[in-house]
Amino acid sequence: MKLETTRFGEFEVPEDEILEFPEGLIGFEKERRFVLLPTQEKSPFFWLQSVDDPDLAFIVSEPWGLVEDYEFQLPQESKKKLDVKEEKDLRVLCLVVIPEDPQKTTMNLKGPLVLNLPQRTGKQVIINENFSTKHPIFKEASASA
Amino acid sequence: MLVLTRKKGEKIVIGDNIVLTVVDIKGDQVQLGIEAPRDIPVHREEVYKEIQEENIKARKTERVNLESIQKLMEKKKGE
């Protein structure tokens, strides 16, 4: 299908690459369909572009590699909603907030997006583990360097 | 909104399988015990709000913002 976006113009996306978020994202409950767009080669960052709102796009990233010791138990109700058959079908992406000073970039570890890849569905999950919604991805020490 | 008054140790039953217990009251703090089936999510309201706020902030990202962190990442790798 043809996608219209404010950031990337118009382009074609195969229907089977569309991800369905039946509950939307928290605060964006009406936005149900997204596509993941790569950014750069080997970059952990992706754009999560809304299919229906050209202006709605988020930066998401795989948390591992950027955060140490990130682990959580997928809550039972989320497992049910995502219809999880095997854990290896799942992929975790976290939303990234880039402020004016990019050194202060944070990642939301408390509300990760969990995708069920074979089914092309996803859900923003609130995990029970004690992680921050604003986890800095660059260490302070190197910020002063 | 239904408002009920409860004492310490008293309970409120919601539907067939949710029970709230007032475990303790100290000053203006109330400790609640929640028994609910595992498929019902229970969260402090602040957590929802925080995630909502972060999502709203996250949507303001432009391509230049991404480029700025990608440059930073490359710089770090080189260090």
# chains A, B, ... in the order shown; residues from 1 in each chain; ligands from 1
>>> interface_residues(of="chain A", to="chain B", cutoff="6 Å", atoms="only C-alpha atoms", output="list in words")
Ile26, Gly27, Ala57, Phe58, Gln76, Glu77, Val97 and Pro102 of chain A
>>> write_last_selection(atoms="N, CA and C atoms", output="PDB file, in the first residue's frame")
ATOM      1  N   ILE A  26       0.006   4.048  24.451  1.00  0.00           N
ATOM      2  CA  ILE A  26      -0.588   4.786  25.565  1.00  0.00           C
ATOM      3  C   ILE A  26      -0.588   6.280  25.224  1.00  0.00           C
ATOM      4  N   GLY A  27      -1.748   6.897  25.239  1.00  0.00           N
ATOM      5  CA  GLY A  27      -1.871   8.299  24.829  1.00  0.00           C
ATOM      6  C   GLY A  27      -2.188   8.442  23.348  1.00  0.00           C
ATOM      7  N   ALA A  57       5.362   9.746  14.079  1.00  0.00           N
ATOM      8  CA  ALA A  57       6.467   8.782  14.002  1.00  0.00           C
ATOM      9  C   ALA A  57       7.289   8.881  15.276  1.00  0.00           C
ATOM     10  N   PHE A  58       7.740   7.747  15.735  1.00  0.00           N
ATOM     11  CA  PHE A  58       8.562   7.691  16.940  1.00  0.00           C
ATOM     12  C   PHE A  58       9.902   7.076  16.581  1.00  0.00           C
ATOM     13  N   GLN A  76       1.191 -11.543  32.429  1.00  0.00           N
ATOM     14  CA  GLN A  76       0.281 -12.573  31.927  1.00  0.00           C
ATOM     15  C   GLN A  76      -0.761 -12.023  30.944  1.00  0.00           C
ATOM     16  N   GLU A  77      -1.352 -10.885  31.287  1.00  0.00           N
ATOM     17  CA  GLU A  77      -2.406 -10.333  30.430  1.00  0.00           C
ATOM     18  C   GLU A  77      -1.855  -9.904  29.073  1.00  0.00           C
ATOM     19  N   VAL A  97      13.391   9.254  23.544  1.00  0.00           N
ATOM     20  CA  VAL A  97      13.107  10.691  23.540  1.00  0.00           C
ATOM     21  C   VAL A  97      14.430  11.431  23.372  1.00  0.00           C
ATOM     22  N   PRO A 102      21.320  16.286  22.698  1.00  0.00           N
ATOM     23  CA  PRO A 102      21.213  14.846  22.432  1.00  0.00           C
ATOM     24  C   PRO A 102      21.915  13.969  23.481  1.00  0.00           C
TER      25      PRO A 102
END
>>> residues_around(residues="region 86-89 of chain A", least_positions_apart="2", cutoff="8 Å", atoms="only C-alpha atoms", output="list in words")
Val84, Arg91, Asn116, Leu117 and Pro118 of chain A
>>> closest_residue(among="A:Lys2, A:Lys85, A:Lys110, A:Arg120", to="Thr133 (chain A)", atoms="only C-alpha atoms")
A:Lys110
>>> select_by_dssp(residues="region 67-142 of chain A", states="strand (DSSP E)", output="count of residues only")
20
>>> atom_distance(atom1="CA of Ile59 (chain A)", atom2="CA of Arg44 (chain B)")
26.2 Å
>>> select_by_dssp(residues="region 17-119 of chain A", states="alpha helix (DSSP H)", output="ChimeraX atom specification")
/A:76-81
>>> write_last_selection(atoms="all heavy atoms", output="short mmCIF file (atom, residue, chain, number, x, y, z; two decimals), in the first residue's frame")
data_model
loop_
_atom_site.label_atom_id
_atom_site.label_comp_id
_atom_site.auth_asym_id
_atom_site.auth_seq_id
_atom_site.Cartn_x
_atom_site.Cartn_y
_atom_site.Cartn_z
N GLN A 76 1.19 -11.54 32.43
CA GLN A 76 0.28 -12.57 31.93
C GLN A 76 -0.76 -12.02 30.94
O GLN A 76 -1.01 -12.59 29.89
CB GLN A 76 -0.42 -13.22 33.13
CG GLN A 76 -0.92 -14.63 32.89
CD GLN A 76 0.20 -15.60 32.56
OE1 GLN A 76 1.32 -15.44 33.06
NE2 GLN A 76 -0.06 -16.59 31.73
N GLU A 77 -1.35 -10.89 31.29
CA GLU A 77 -2.41 -10.33 30.43
C GLU A 77 -1.86 -9.90 29.07
O GLU A 77 -2.53 -10.00 28.05
CB GLU A 77 -3.15 -9.17 31.12
CG GLU A 77 -2.28 -8.07 31.67
CD GLU A 77 -2.20 -6.84 30.77
OE1 GLU A 77 -3.04 -6.70 29.86
OE2 GLU A 77 -1.29 -6.03 30.99
N SER A 78 -0.58 -9.45 29.07
CA SER A 78 0.03 -9.05 27.80
C SER A 78 0.32 -10.28 26.94
O SER A 78 0.15 -10.26 25.72
CB SER A 78 1.34 -8.30 28.03
OG SER A 78 1.12 -7.18 28.84
N LYS A 79 0.77 -11.32 27.61
CA LYS A 79 1.06 -12.57 26.91
C LYS A 79 -0.20 -13.06 26.20
O LYS A 79 -0.17 -13.49 25.05
CB LYS A 79 1.48 -13.62 27.94
CG LYS A 79 2.80 -14.27 27.62
CD LYS A 79 3.13 -15.32 28.66
CE LYS A 79 4.63 -15.39 28.83
NZ LYS A 79 5.04 -16.19 29.96
N LYS A 80 -1.31 -12.95 26.91
CA LYS A 80 -2.59 -13.38 26.38
C LYS A 80 -2.98 -12.52 25.18
O LYS A 80 -3.35 -13.02 24.12
CB LYS A 80 -3.64 -13.21 27.48
CG LYS A 80 -4.63 -14.34 27.60
CD LYS A 80 -5.38 -14.08 28.87
CE LYS A 80 -6.65 -14.80 29.05
NZ LYS A 80 -7.27 -14.45 30.34
N LYS A 81 -2.88 -11.19 25.37
CA LYS A 81 -3.29 -10.28 24.29
C LYS A 81 -2.42 -10.41 23.06
O LYS A 81 -2.88 -10.26 21.94
CB LYS A 81 -3.27 -8.84 24.80
CG LYS A 81 -4.47 -8.56 25.66
CD LYS A 81 -4.68 -7.10 25.89
CE LYS A 81 -5.94 -6.89 26.73
NZ LYS A 81 -5.76 -5.85 27.73
#
>>> residues_around(residues="Val19 (chain B)", least_positions_apart="5", cutoff="7 Å", atoms="only C-alpha atoms", output="PyMOL selection string")
chain B and resi 11-14+34-36
>>> write_last_selection(atoms="N, CA and C atoms", output="PDB file, in the first residue's frame")
ATOM      1  N   LYS B  11     -12.560  -4.893  53.724  1.00  0.00           N
ATOM      2  CA  LYS B  11     -12.349  -5.186  52.302  1.00  0.00           C
ATOM      3  C   LYS B  11     -13.452  -4.605  51.429  1.00  0.00           C
ATOM      4  N   ILE B  12     -13.156  -4.516  50.150  1.00  0.00           N
ATOM      5  CA  ILE B  12     -14.168  -4.197  49.137  1.00  0.00           C
ATOM      6  C   ILE B  12     -14.067  -5.280  48.070  1.00  0.00           C
ATOM      7  N   VAL B  13     -15.187  -5.816  47.705  1.00  0.00           N
ATOM      8  CA  VAL B  13     -15.185  -6.856  46.678  1.00  0.00           C
ATOM      9  C   VAL B  13     -15.744  -6.259  45.386  1.00  0.00           C
ATOM     10  N   ILE B  14     -15.011  -6.407  44.294  1.00  0.00           N
ATOM     11  CA  ILE B  14     -15.460  -5.903  42.985  1.00  0.00           C
ATOM     12  C   ILE B  14     -15.674  -7.096  42.065  1.00  0.00           C
ATOM     13  N   ILE B  34      -4.327  -5.809  46.949  1.00  0.00           N
ATOM     14  CA  ILE B  34      -5.180  -6.052  45.784  1.00  0.00           C
ATOM     15  C   ILE B  34      -5.086  -7.511  45.386  1.00  0.00           C
ATOM     16  N   GLU B  35      -6.212  -8.185  45.389  1.00  0.00           N
ATOM     17  CA  GLU B  35      -6.236  -9.553  44.876  1.00  0.00           C
ATOM     18  C   GLU B  35      -7.062  -9.535  43.611  1.00  0.00           C
ATOM     19  N   ALA B  36      -6.417  -9.891  42.503  1.00  0.00           N
ATOM     20  CA  ALA B  36      -7.123  -9.891  41.220  1.00  0.00           C
ATOM     21  C   ALA B  36      -6.539 -11.005  40.360  1.00  0.00           C
TER      22      ALA B  36
END
>>> atom_distance(atom1="CA of Trp64 (chain A)", atom2="CA of His135 (chain A)")
12.7 Å
>>> residues_around(residues="Gly9 (chain B)", least_positions_apart="3", cutoff="8 Å", atoms="only C-alpha atoms", output="PyMOL selection string")
chain B and resi 21-24
>>> write_last_selection(atoms="all heavy atoms", output="mmCIF file, in the first residue's frame")
data_model
loop_
_atom_site.group_PDB
_atom_site.id
_atom_site.type_symbol
_atom_site.label_atom_id
_atom_site.label_comp_id
_atom_site.auth_asym_id
_atom_site.auth_seq_id
_atom_site.Cartn_x
_atom_site.Cartn_y
_atom_site.Cartn_z
ATOM 1 N N THR B 21 -8.184 -4.763 49.967
ATOM 2 C CA THR B 21 -8.127 -4.776 51.427
ATOM 3 C C THR B 21 -7.376 -3.546 51.904
ATOM 4 O O THR B 21 -6.303 -3.233 51.370
ATOM 5 C CB THR B 21 -7.369 -6.028 51.925
ATOM 6 O OG1 THR B 21 -7.932 -7.183 51.302
ATOM 7 C CG2 THR B 21 -7.449 -6.172 53.437
ATOM 8 N N VAL B 22 -7.927 -2.845 52.872
ATOM 9 C CA VAL B 22 -7.186 -1.751 53.500
ATOM 10 C C VAL B 22 -6.234 -2.411 54.490
ATOM 11 O O VAL B 22 -6.646 -2.896 55.542
ATOM 12 C CB VAL B 22 -8.132 -0.754 54.208
ATOM 13 C CG1 VAL B 22 -7.326 0.363 54.868
ATOM 14 C CG2 VAL B 22 -9.137 -0.188 53.225
ATOM 15 N N VAL B 23 -4.965 -2.468 54.131
ATOM 16 C CA VAL B 23 -3.996 -3.193 54.960
ATOM 17 C C VAL B 23 -3.550 -2.332 56.132
ATOM 18 O O VAL B 23 -3.474 -2.784 57.268
ATOM 19 C CB VAL B 23 -2.767 -3.622 54.108
ATOM 20 C CG1 VAL B 23 -1.710 -4.298 54.970
ATOM 21 C CG2 VAL B 23 -3.212 -4.558 52.987
ATOM 22 N N ASP B 24 -3.289 -1.052 55.834
ATOM 23 C CA ASP B 24 -2.806 -0.174 56.901
ATOM 24 C C ASP B 24 -3.106 1.280 56.562
ATOM 25 O O ASP B 24 -3.197 1.638 55.386
ATOM 26 C CB ASP B 24 -1.292 -0.375 57.070
ATOM 27 C CG ASP B 24 -0.823 0.062 58.456
ATOM 28 O OD1 ASP B 24 -1.690 0.433 59.287
ATOM 29 O OD2 ASP B 24 0.394 0.043 58.699
#
